[in-house]
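*Asks:* Structure file protein_31.txt, compact mmCIF, C-alpha atoms, is pasted below:
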```txt
# COMPACT_ATOMS: atom_id res chain seq x y z
CA MET A 1 -2.50 27.96 28.93
CA ASN A 2 -0.94 26.14 26.02
CA PRO A 3 -1.48 28.12 22.78
CA GLY A 4 -2.48 24.90 21.01
CA LEU A 5 -5.94 25.26 22.60
CA LYS A 6 -7.83 28.33 23.75
CA LEU A 7 -11.08 27.83 25.61
CA MET A 8 -13.97 29.22 23.64
CA LYS A 9 -15.63 32.31 25.04
CA ASP A 10 -17.83 33.61 22.24
CA LYS A 11 -21.57 33.12 22.65
CA SER A 12 -22.20 31.57 19.22
CA LEU A 13 -19.79 28.70 19.84
CA ARG A 14 -21.17 28.17 23.33
CA ALA A 15 -24.64 27.98 21.82
CA LYS A 16 -23.41 25.29 19.42
CA ASN A 17 -21.96 23.33 22.36
CA GLN A 18 -25.19 23.55 24.31
CA ARG A 19 -27.04 21.89 21.45
CA TRP A 20 -24.75 18.91 21.80
CA HIS A 21 -26.00 18.65 25.39
CA GLN A 22 -29.59 18.13 24.30
CA LYS A 23 -31.20 14.96 25.56
CA LEU A 24 -31.99 12.78 22.58
CA VAL A 25 -34.84 10.32 22.15
CA GLY A 26 -33.86 7.39 19.92
CA ARG A 27 -30.87 7.43 17.62
CA PRO A 28 -30.48 10.56 15.44
CA THR A 29 -29.93 9.90 11.76
CA SER A 30 -28.33 13.24 10.92
CA GLY A 31 -26.82 16.36 12.46
CA ARG A 32 -30.35 17.77 12.75
CA GLY A 33 -30.95 15.19 15.48
CA TYR A 34 -28.34 17.03 17.53
CA GLY A 35 -29.90 20.40 16.84
CA LEU A 36 -27.32 21.33 14.23
CA SER A 37 -28.07 22.83 10.85
CA ASP A 38 -26.67 21.25 7.67
CA ALA A 39 -24.27 24.17 7.38
CA GLU A 40 -22.96 23.54 10.90
CA VAL A 41 -22.58 19.81 10.24
CA ALA A 42 -20.54 20.61 7.11
CA THR A 43 -17.95 22.44 9.23
CA TYR A 44 -16.99 19.10 10.79
CA GLN A 45 -15.42 18.01 7.52
CA ASP A 46 -12.46 19.94 8.85
CA PRO A 47 -10.83 17.83 11.61
CA VAL A 48 -9.64 20.98 13.36
CA GLU A 49 -13.29 21.87 14.00
CA TRP A 50 -13.56 18.82 16.25
CA LEU A 51 -10.59 20.10 18.23
CA ARG A 52 -12.19 23.52 18.58
CA VAL A 53 -15.55 22.25 19.76
CA PHE A 54 -15.19 19.08 21.80
CA PRO A 55 -12.25 19.67 24.18
CA PRO A 56 -13.87 22.81 25.65
CA LEU A 57 -17.15 20.90 25.83
CA ALA A 58 -15.39 18.12 27.74
CA VAL A 59 -13.95 20.69 30.14
CA GLU A 60 -17.42 22.11 30.81
CA ASN A 61 -18.78 18.62 31.48
CA LEU A 62 -15.93 17.75 33.83
CA LYS A 63 -16.45 20.99 35.73
CA ALA A 64 -20.14 20.10 36.00
CA PHE A 65 -19.08 16.82 37.61
CA GLY A 66 -17.19 18.86 40.18
CA LEU A 67 -13.71 17.92 38.95
CA GLY A 68 -10.97 20.18 40.26
CA ALA A 69 -8.12 20.50 37.79
CA ASP A 70 -5.40 22.94 36.81
CA TRP A 71 -6.78 23.75 33.36
CA ARG A 72 -3.76 25.92 32.59
CA ARG A 73 -1.97 22.72 31.59
CA LEU A 74 -4.55 21.82 28.97
CA PHE A 75 -3.09 21.19 25.51
CA ILE A 76 -3.75 19.40 22.22
CA THR A 77 -1.55 16.41 21.30
CA THR A 78 -1.66 16.66 17.52
CA ASP A 79 0.24 18.72 14.98
CA SER A 80 -2.44 21.37 15.38
CA ASN A 81 -0.36 22.32 18.41
CA PRO A 82 2.98 23.38 16.90
CA PHE A 83 4.73 23.21 20.29
CA PHE A 84 3.76 19.60 20.88
CA ASP A 85 4.56 18.78 17.25
CA LYS A 86 8.04 20.24 17.71
CA PHE A 87 8.59 18.08 20.79
CA VAL A 88 7.45 14.87 19.05
CA ARG A 89 9.68 15.53 16.04
CA TRP A 90 12.71 15.97 18.29
CA GLN A 91 11.80 12.81 20.20
CA MET A 92 11.56 10.80 16.98
CA ARG A 93 14.90 12.10 15.69
CA LYS A 94 16.53 11.19 18.99
CA LEU A 95 15.08 7.67 18.99
CA LYS A 96 16.14 7.20 15.37
CA SER A 97 19.71 8.20 16.23
CA LEU A 98 19.64 5.42 18.85
CA ASN A 99 18.44 2.90 16.22
CA LYS A 100 15.13 2.54 18.03
CA ILE A 101 13.15 3.56 14.94
CA PRO A 102 13.67 1.70 11.67
CA CYS A 103 12.35 3.86 8.83
CA ALA A 104 9.76 1.85 6.89
CA ASP A 105 10.72 1.67 3.22
CA HIS A 106 7.83 -0.48 2.07
CA ASP A 107 4.23 0.36 1.39
CA GLN A 108 1.64 0.31 4.10
CA ALA A 109 -2.12 -0.26 3.64
CA SER A 110 -4.98 0.84 5.85
CA GLY A 111 -7.79 -1.57 6.64
CA GLU A 112 -8.59 -3.91 9.50
CA GLY A 113 -6.38 -6.96 9.13
CA VAL A 114 -5.75 -6.30 5.43
CA MET A 115 -2.15 -6.20 4.27
CA PRO A 116 -0.57 -4.90 1.05
CA GLN A 117 -0.05 -7.32 -1.82
CA GLU A 118 3.07 -6.51 -3.81
CA TYR A 119 3.21 -7.17 -7.55
CA THR A 120 5.69 -6.54 -10.32
CA LEU A 121 4.17 -4.53 -13.16
CA ILE A 122 5.46 -5.75 -16.52
CA LYS A 123 5.76 -2.85 -18.97
CA MET A 124 4.37 -4.26 -22.22
CA GLU A 125 5.22 -1.53 -24.72
CA ALA A 126 2.64 -0.66 -27.35
CA VAL A 127 4.17 -0.76 -30.84
CA PRO A 128 3.40 2.22 -33.14
CA PRO A 129 1.59 3.13 -35.28
CA PHE A 130 -1.19 3.55 -32.72
CA PRO A 131 -4.89 3.10 -33.53
CA SER A 132 -7.05 6.24 -33.89
CA LYS A 133 -8.33 5.95 -30.31
CA PHE A 134 -4.73 6.54 -29.21
CA ALA A 135 -4.34 9.83 -31.07
CA HIS A 136 -3.76 11.78 -27.84
CA LEU A 137 -0.88 9.45 -26.94
CA GLU A 138 1.33 10.17 -29.95
CA GLY A 139 4.88 11.02 -28.96
CA LYS A 140 4.67 9.19 -25.65
CA LYS A 141 5.86 5.78 -24.51
CA VAL A 142 2.70 3.73 -24.00
CA TYR A 143 2.70 0.56 -21.92
CA LEU A 144 0.08 -1.96 -20.94
CA ALA A 145 0.94 -2.47 -17.26
CA ALA A 146 0.37 -6.13 -16.38
CA ALA A 147 0.58 -7.14 -12.70
CA THR A 148 2.28 -10.45 -11.94
CA LEU A 149 3.36 -12.41 -8.87
CA ARG A 150 5.42 -14.78 -11.03
CA SER A 151 8.06 -12.74 -12.83
CA GLU A 152 10.15 -15.89 -13.31
CA THR A 153 7.54 -17.17 -15.79
CA MET A 154 7.75 -14.19 -18.16
CA TYR A 155 9.86 -16.14 -20.66
CA GLY A 156 6.66 -18.01 -21.58
CA GLN A 157 4.53 -15.00 -22.58
CA THR A 158 2.40 -15.46 -25.68
CA ASN A 159 -0.01 -12.50 -25.45
CA ALA A 160 -1.76 -10.10 -23.10
CA TRP A 161 -5.34 -10.50 -21.86
CA VAL A 162 -7.99 -7.81 -21.31
CA LEU A 163 -11.67 -7.88 -20.40
CA PRO A 164 -13.50 -6.76 -23.60
CA ASP A 165 -16.13 -4.70 -21.77
CA GLY A 166 -13.79 -3.64 -18.98
CA LYS A 167 -13.14 0.06 -18.31
CA TYR A 168 -9.52 1.12 -18.74
CA GLY A 169 -7.66 4.36 -19.19
CA ALA A 170 -4.34 5.76 -20.38
CA PHE A 171 -2.79 7.39 -17.30
CA GLU A 172 0.20 9.71 -17.18
CA ILE A 173 3.02 8.27 -15.07
CA ASN A 174 5.48 11.04 -15.86
CA GLU A 175 6.17 13.49 -18.67
CA PHE A 176 7.00 10.73 -21.15
CA ASP A 177 5.39 7.45 -19.99
CA VAL A 178 1.74 6.39 -20.08
CA PHE A 179 0.34 3.24 -18.45
CA ILE A 180 -2.87 1.62 -19.67
CA LEU A 181 -4.68 -0.01 -16.75
CA THR A 182 -7.81 0.39 -14.61
CA GLU A 183 -8.59 3.64 -12.77
CA ARG A 184 -8.39 1.77 -9.47
CA ALA A 185 -4.85 0.58 -10.15
CA ALA A 186 -3.83 4.03 -11.41
CA ARG A 187 -5.03 5.55 -8.15
CA ASN A 188 -2.92 3.11 -6.13
CA LEU A 189 0.09 3.96 -8.31
CA ALA A 190 -0.51 7.68 -7.80
CA PHE A 191 -0.09 7.22 -4.04
CA GLN A 192 3.09 5.23 -4.63
CA GLY A 193 4.91 8.03 -6.41
CA MET A 194 4.00 6.95 -9.95
CA SER A 195 1.81 9.69 -11.38
CA ARG A 196 2.64 12.92 -13.14
CA VAL A 197 0.49 14.70 -10.54
CA PRO A 198 1.36 13.42 -7.03
CA GLU A 199 -1.45 11.43 -5.40
CA LYS A 200 -3.77 12.03 -8.34
CA ALA A 201 -4.37 9.68 -11.27
CA THR A 202 -4.48 11.73 -14.49
CA CYS A 203 -6.27 10.02 -17.36
CA ILE A 204 -5.50 11.21 -20.90
CA VAL A 205 -8.09 9.03 -22.62
CA GLU A 206 -10.71 6.54 -21.42
CA LEU A 207 -10.62 3.14 -23.10
CA ALA A 208 -12.66 -0.04 -23.19
CA GLY A 209 -11.03 -3.44 -23.28
CA GLN A 210 -12.31 -3.84 -26.83
CA ASP A 211 -10.20 -0.82 -27.87
CA LEU A 212 -7.07 -2.71 -26.80
CA ILE A 213 -7.70 -6.00 -28.62
CA GLY A 214 -5.15 -6.50 -31.40
CA LEU A 215 -2.70 -3.96 -29.99
CA PRO A 216 0.87 -5.15 -30.81
CA LEU A 217 3.18 -5.27 -27.81
CA ARG A 218 6.87 -5.75 -27.03
CA SER A 219 6.98 -7.54 -23.72
CA PRO A 220 10.12 -7.95 -21.57
CA LEU A 221 11.66 -11.45 -21.52
CA SER A 222 9.13 -12.89 -23.98
CA LEU A 223 10.71 -15.14 -26.60
CA TYR A 224 8.28 -13.66 -29.13
CA LYS A 225 9.43 -10.33 -30.54
CA VAL A 226 5.85 -9.02 -30.70
CA VAL A 227 2.73 -10.36 -28.98
CA PHE A 228 -0.86 -9.12 -29.18
CA CYS A 229 -3.62 -8.12 -26.80
CA LEU A 230 -6.48 -10.65 -26.77
CA PRO A 231 -9.90 -10.96 -25.08
CA MET A 232 -10.48 -13.04 -21.94
CA LEU A 233 -13.89 -13.05 -20.26
CA SER A 234 -12.72 -14.04 -16.76
CA ILE A 235 -10.41 -11.05 -16.13
CA LEU A 236 -11.03 -9.43 -12.73
CA ILE A 237 -11.12 -5.65 -12.93
CA ASP A 238 -10.98 -5.21 -9.14
CA LYS A 239 -7.72 -7.11 -8.74
CA GLY A 240 -4.34 -6.21 -10.16
CA THR A 241 -4.43 -3.78 -13.08
CA GLY A 242 -7.04 -5.45 -15.28
CA ILE A 243 -4.18 -6.29 -17.69
CA VAL A 244 -2.86 -9.86 -17.58
CA THR A 245 0.23 -11.08 -19.35
CA SER A 246 -0.44 -14.59 -20.60
CA VAL A 247 1.84 -17.52 -19.79
CA PRO A 248 -0.21 -20.58 -20.87
CA SER A 249 2.47 -23.04 -19.78
CA ASP A 250 2.03 -21.80 -16.20
CA SER A 251 -1.76 -21.26 -16.10
CA PRO A 252 -4.43 -23.80 -17.06
CA ASP A 253 -7.01 -21.02 -17.49
CA GLU A 254 -4.79 -19.13 -19.92
CA PHE A 255 -3.93 -22.34 -21.76
CA ILE A 256 -7.62 -23.09 -22.30
CA ALA A 257 -8.40 -19.50 -23.32
CA LEU A 258 -5.61 -19.50 -25.89
CA GLN A 259 -6.67 -22.88 -27.31
CA ASP A 260 -10.29 -21.70 -27.56
CA LEU A 261 -9.25 -18.70 -29.63
CA LYS A 262 -7.09 -20.87 -31.84
CA ALA A 263 -9.78 -23.49 -32.38
CA LYS A 264 -12.94 -21.34 -32.68
CA ALA A 265 -13.04 -18.97 -35.63
CA ILE A 266 -16.49 -17.77 -34.55
CA PHE A 267 -15.09 -16.75 -31.16
CA ARG A 268 -12.29 -14.80 -32.85
CA ALA A 269 -14.80 -13.10 -35.15
CA ARG A 270 -16.96 -12.07 -32.18
CA PHE A 271 -14.18 -9.86 -30.84
CA GLY A 272 -12.53 -8.95 -34.14
CA VAL A 273 -9.44 -11.07 -33.48
CA LYS A 274 -7.35 -11.61 -36.60
CA ASP A 275 -5.76 -15.02 -37.21
CA GLU A 276 -2.23 -13.60 -37.20
CA TRP A 277 -2.73 -12.30 -33.65
CA VAL A 278 -3.23 -15.77 -32.20
CA LEU A 279 -2.58 -18.75 -34.54
CA PRO A 280 1.23 -18.45 -34.83
CA PHE A 281 1.74 -18.41 -31.04
CA GLU A 282 2.55 -21.73 -29.42
CA VAL A 283 2.88 -22.51 -25.72
CA ILE A 284 6.48 -22.10 -24.49
CA PRO A 285 7.68 -24.56 -21.83
CA ILE A 286 9.45 -22.75 -19.00
CA ILE A 287 10.29 -25.66 -16.73
CA ARG A 288 14.00 -25.30 -17.56
CA HIS A 289 16.05 -22.23 -18.33
CA PRO A 290 19.81 -22.57 -18.76
CA GLU A 291 20.61 -19.34 -16.90
CA TYR A 292 18.73 -20.50 -13.80
CA ALA A 293 19.39 -24.24 -13.90
CA GLY A 294 19.56 -25.77 -10.44
CA MET A 295 18.32 -22.55 -8.78
CA ARG A 296 15.41 -22.54 -6.35
CA VAL A 297 12.27 -21.00 -7.85
CA GLN A 298 12.18 -18.26 -5.23
CA ASP A 299 15.81 -17.34 -5.88
CA ALA A 300 15.21 -17.25 -9.64
CA LYS A 301 12.11 -15.13 -9.14
CA ASN A 302 14.02 -12.57 -7.04
CA LYS A 303 16.86 -12.42 -9.56
CA ILE A 304 14.54 -11.94 -12.55
CA THR A 305 12.45 -9.36 -10.72
CA ARG A 306 15.59 -7.41 -9.88
CA GLN A 307 16.65 -7.59 -13.54
CA LEU A 308 13.29 -6.22 -14.71
CA LEU A 309 13.44 -3.35 -12.24
CA ASP A 310 17.07 -2.49 -13.02
CA LEU A 311 16.36 -2.39 -16.77
CA LYS A 312 13.27 -0.22 -16.21
CA GLN A 313 11.14 -2.96 -17.78
CA GLY A 314 8.99 -3.29 -14.69
CA VAL A 315 8.01 -1.41 -11.55
CA LYS A 316 6.87 -2.39 -8.08
CA TYR A 317 3.16 -2.02 -7.42
CA SER A 318 1.08 -2.72 -4.32
CA GLU A 319 -2.62 -2.80 -3.55
CA PRO A 320 -4.72 -4.08 -0.61
CA GLU A 321 -5.13 -7.86 -0.54
CA LYS A 322 -8.86 -7.28 -0.73
CA LYS A 323 -11.15 -4.29 -0.98
CA VAL A 324 -10.94 -1.92 1.98
CA MET A 325 -13.49 0.83 2.38
CA SER A 326 -13.02 3.86 4.58
CA ARG A 327 -15.70 5.27 6.81
CA SER A 328 -16.18 8.03 4.28
CA GLY A 329 -17.15 5.43 1.68
CA ASP A 330 -13.93 5.72 -0.33
CA GLU A 331 -11.99 2.70 -1.50
CA CYS A 332 -8.62 2.62 0.25
CA VAL A 333 -5.28 2.38 -1.54
CA VAL A 334 -1.75 1.37 -0.64
CA ALA A 335 0.29 4.54 -0.15
CA LEU A 336 4.05 4.91 -0.02
CA THR A 337 4.60 6.90 3.17
CA ASP A 338 7.54 8.03 5.24
CA GLN A 339 6.41 6.34 8.45
CA TRP A 340 8.60 5.55 11.44
CA TYR A 341 7.94 2.69 13.83
CA LEU A 342 9.42 2.19 17.30
CA SER A 343 11.34 -1.06 17.77
CA TYR A 344 9.53 -2.11 20.94
CA GLY A 345 10.39 -5.74 20.18
CA GLU A 346 14.15 -5.13 20.44
CA GLU A 347 15.35 -7.62 23.06
CA GLY A 348 17.67 -5.29 24.99
CA TRP A 349 15.15 -2.47 25.18
CA LEU A 350 12.42 -4.93 26.16
CA GLU A 351 14.49 -6.24 29.07
CA GLU A 352 15.13 -2.71 30.31
CA ALA A 353 11.41 -1.99 30.14
CA LYS A 354 10.73 -5.14 32.16
CA GLU A 355 13.29 -3.99 34.74
CA CYS A 356 11.52 -0.64 34.98
CA LEU A 357 8.20 -2.42 35.45
CA ALA A 358 9.63 -4.65 38.18
CA ASN A 359 10.69 -1.59 40.20
CA MET A 360 7.27 0.09 40.04
CA ASN A 361 4.59 -0.14 42.73
CA LEU A 362 1.46 -0.90 40.74
CA TYR A 363 -1.96 0.14 41.99
CA SER A 364 -5.30 -0.37 40.29
CA GLU A 365 -4.96 2.76 38.15
CA GLU A 366 -2.32 5.01 36.68
CA THR A 367 -2.39 8.43 35.10
CA ARG A 368 -0.39 10.48 32.77
CA THR A 369 1.37 13.72 33.67
CA CYS A 370 1.35 16.70 31.36
CA PHE A 371 4.07 19.32 30.77
CA GLU A 372 3.23 22.95 30.99
CA ASN A 373 3.76 24.68 27.70
CA THR A 374 4.74 28.32 27.82
CA SER A 375 2.86 30.69 25.56
CA ALA A 376 5.84 33.05 25.44
CA LEU A 377 7.68 30.65 23.13
CA LYS A 378 7.53 30.14 19.39
CA PRO A 379 7.74 26.58 18.02
CA GLU A 380 10.80 27.37 15.90
CA GLN A 381 12.70 28.32 19.08
CA LEU A 382 12.45 24.76 20.38
CA THR A 383 15.58 23.39 18.73
CA ASP A 384 17.11 20.01 19.50
CA ASP A 385 19.74 21.48 21.86
CA VAL A 386 16.92 23.04 23.91
CA TRP A 387 15.20 19.65 24.28
CA VAL A 388 18.53 18.01 25.18
CA TYR A 389 19.09 20.58 27.92
CA ILE A 390 15.57 20.13 29.34
CA PHE A 391 15.24 16.34 29.21
CA LEU A 392 18.81 15.01 29.09
CA SER A 393 20.54 17.46 31.45
CA GLY A 394 22.61 18.62 28.49
CA PRO A 395 24.71 21.78 28.28
CA GLU A 396 23.20 25.22 28.06
CA PRO A 397 21.93 25.83 24.51
CA LYS A 398 24.51 28.05 22.83
CA HIS A 399 22.47 29.36 19.92
CA SER A 400 19.03 29.63 21.47
CA ASP A 401 17.29 32.99 21.66
CA ILE A 402 15.10 31.81 24.54
CA SER A 403 15.98 33.64 27.74
CA TRP A 404 18.26 31.69 30.04
CA THR A 405 15.84 32.20 32.92
CA LEU A 406 12.98 30.64 30.96
CA VAL A 407 15.03 27.66 29.79
CA LYS A 408 16.07 26.91 33.37
CA LYS A 409 12.46 27.20 34.50
CA MET A 410 11.41 24.69 31.83
CA ARG A 411 13.95 22.14 33.08
CA GLN A 412 12.87 22.78 36.66
CA GLU A 413 9.28 22.09 35.64
CA PHE A 414 10.29 18.78 34.09
CA ARG A 415 12.32 17.79 37.14
CA TYR A 416 9.42 18.73 39.41
CA TRP A 417 7.06 16.29 37.72
CA TYR A 418 9.52 13.49 37.04
CA PRO A 419 9.99 10.78 38.14
CA VAL A 420 6.26 10.14 38.27
CA ASP A 421 5.16 9.09 41.76
CA LEU A 422 1.58 8.14 41.00
CA HIS A 423 -0.27 6.94 37.89
CA VAL A 424 -4.04 6.52 37.88
CA SER A 425 -5.47 4.93 34.73
CA GLY A 426 -7.73 2.25 33.34
CA LYS A 427 -6.41 -1.30 33.04
CA ASP A 428 -7.43 -1.35 29.36
CA LEU A 429 -4.53 1.03 28.68
CA ILE A 430 -1.87 -1.35 30.01
CA GLN A 431 -1.56 -2.93 26.53
CA ASN A 432 -0.56 0.37 24.89
CA HIS A 433 0.77 3.62 26.29
CA LEU A 434 1.30 2.47 29.89
CA THR A 435 3.58 -0.30 28.61
CA PHE A 436 5.25 2.10 26.16
CA ALA A 437 6.04 4.41 29.07
CA THR A 438 8.28 1.75 30.61
CA TYR A 439 10.54 1.96 27.55
CA LYS A 440 11.12 5.70 27.62
CA PRO A 441 13.48 5.98 30.62
CA HIS A 442 15.96 3.68 28.84
CA SER A 443 15.96 5.44 25.47
CA ASN A 444 18.24 8.21 26.76
CA ILE A 445 15.37 10.65 26.26
CA SER A 446 15.21 10.71 30.04
CA GLN A 447 17.51 9.10 32.57
CA ARG A 448 17.05 5.84 34.42
CA THR A 449 16.60 7.75 37.68
CA LEU A 450 13.50 9.37 36.18
CA ALA A 451 11.71 6.05 35.53
CA PRO A 452 8.12 5.75 36.80
CA ARG A 453 8.04 4.65 40.45
CA VAL A 454 4.42 3.50 40.66
```
I'd like the structure from this file rewritten - as structure tokens, please.

*Replies:*
Amino acid sequence: MNPGLKLMKDKSLRAKNQRWHQKLVGRPTSGRGYGLSDAEVATYQDPVEWLRVFPPLAVENLKAFGLGADWRRLFITTDSNPFFDKFVRWQMRKLKSLNKIPCADHDQASGEGVMPQEYTLIKMEAVPPFPSKFAHLEGKKVYLAAATLRSETMYGQTNAWVLPDGKYGAFEINEFDVFILTERAARNLAFQGMSRVPEKATCIVELAGQDLIGLPLRSPLSLYKVVFCLPMLSILIDKGTGIVTSVPSDSPDEFIALQDLKAKAIFRARFGVKDEWVLPFEVIPIIRHPEYAGMRVQDAKNKITRQLLDLKQGVKYSEPEKKVMSRSGDECVVALTDQWYLSYGEEGWLEEAKECLANMNLYSEETRTCFENTSALKPEQLTDDVWVYIFLSGPEPKHSDISWTLVKKMRQEFRYWYPVDLHVSGKDLIQNHLTFATYKPHSNISQRTLAPRV
């Protein structure tokens, strides 16, 4: 039996399984409906508990149906099984060496049909001396982090906008830098490698938008040496960072908001806006810029964005295009992850897969074949040269401490089962792993002669 899964023998666990067998009337609303106590339900917060309970339960049910199977070949296909995990890691390294796996270097978001939206965060530096509410930030570089999709318009900045009653915070990005933005945006940043504590937003001080009004700022590319933070009532807290850098010449809404503040002294007084924070600032036309004359807008945007990033005046930031909630009730974020994706769309590999498919005798169903995993091994013994010997008919592993007899037996086992002579499966699986299987014989992980026959 594979050590990744041991059938449960103790009576207490069997008793728990039997309660799952209970015939239910109606739809249970909690674990109690399945005969489980709250304490037992809580154990299922650990995903490994599902692996401990349900596979053995499935085995018992299948035996009750009268299924005859060699249960010695039963194993778990997750990283809970270190042997299987070792095999998958080798397989991925091999495919990557064949350029079949491009390593994704952009952010990925979870959520049905929702994609990441990438912004450039403009680092609008707060100019000391800081107000009393910022006492805990002394000695640090403090930035209002404004998200923009139009970095090429930054030459026209006249101010920053915040929602007066919005909830903000000063979050540690590293030992020296602090970003002021919403908690939601800080959490996204934390999962993109921009937080002093990895994957955790650390707030030094909570702030309201009103606390930020009048804050002097030095903003990259602005033709004004210093601009100020002003109130805007239409700021969306659940989009971007809750901080908006204002370019009135590019946004009718911002143009109107700026003119309202200029024209209405009573409106300025309502939010404590001083005349010198708003009256001297005129709209800056940005239709023409000598450095980018004759350049397509998209090309200018890319060049300016690159300049901001290179000068450390901005950072890349991503968030879901719209709110995505997980089944646990948590709001999802965009996380920077080291994920690898197989290039199934590669034309040459696709043609080879089609050739494999053409040579197969297809029946109504197909099945997968499992490898026997030997409990005498340790995962760390399964080095790449061992896998090459087993699956690629490579040379005898020179530095392996696995007995030569056992290594030969492992290759014999593989050769016994491959090529596969019969697959029995549901047609709904043709769109995923049954199609993927036609690629594998041509990836040099196994040879063409070992391709599925039926």

*Asks:* For atom CA of Ile430 of chain A and atom CA of Ala353 of chain A, determine how far apart the two atoms are, in Å to one decimal place.

*Replies:*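 Calculated distance between atom CA of Ile430 of chain A and atom CA of Ala353 of chain A is 13.3 Å.
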
*Asks:* Quick one, how far is atom CA of Cys356 of chain A from atom CA of Val420 of chain A?

*Replies:* 12.4 Å

*Asks:* Could you check how far atom CA of Leu223 of chain A sits from atom CA of Gly139 of chain A, in Å to one decimal?

*Replies:*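 We find that atom CA of Leu223 of chain A and atom CA of Gly139 of chain A lie 26.9 Å from each other.
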
*Asks:* Looking at only C-alpha atoms, which of A:Met325, A:Leu392, A:Leu406, A:Leu450 is the one that sits closest to Asp421 of chain A?

*Replies:*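 Of A:Met325, A:Leu392, A:Leu406, A:Leu450, the one nearest Asp421 of chain A is A:Leu450, counting only C-alpha atoms.
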
*Asks:* Can you tell me which residues surround Tyr317 of chain A at a distance of at most 10 Å, considering only C-alpha atoms, apart from same-chain residues fewer than 5 positions away, and format the answer as a ChimeraX atom specification?

*Replies:* /A:107,116-121,147-148,185,188-189,192,194,240-241,334

*Asks:* Rank nothing, just name the residue among A:Arg270, A:Lys86, A:His399, A:Arg306 nearest to Leu382 of chain A, using all atoms listed in the file.

*Replies:*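 Ranking A:Arg270, A:Lys86, A:His399, A:Arg306 by distance to Leu382 of chain A, first place goes to A:Lys86.
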
*Asks:* Find the residue from A:Thr438, A:Thr305, A:Thr182, A:Ser403 that sits nearest to Ala145 of chain A; use only C-alpha atoms when measuring.

*Replies:*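 Checking each of A:Thr438, A:Thr305, A:Thr182, A:Ser403 against Ala145 of chain A, counting only C-alpha atoms, the winner is A:Thr182.
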
*Asks:* Which protein, DNA or RNA residues are at most 12 Å from (-6.3, 2.0, -33.0) in the file's coordinates when you count all atoms listed in the file, listed as a ChimeraX atom specification?

*Replies:* /A:126-138,207-208,210-216

*Asks:* Here is a test: counting all atoms listed in the file, which residue of A:Thr435, A:Arg453, A:Asn61, A:Val226 is nearest to Pro419 of chain A?

*Replies:*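 When distances to Pro419 of chain A are compared using all atoms listed in the file, the smallest one comes from A:Arg453.
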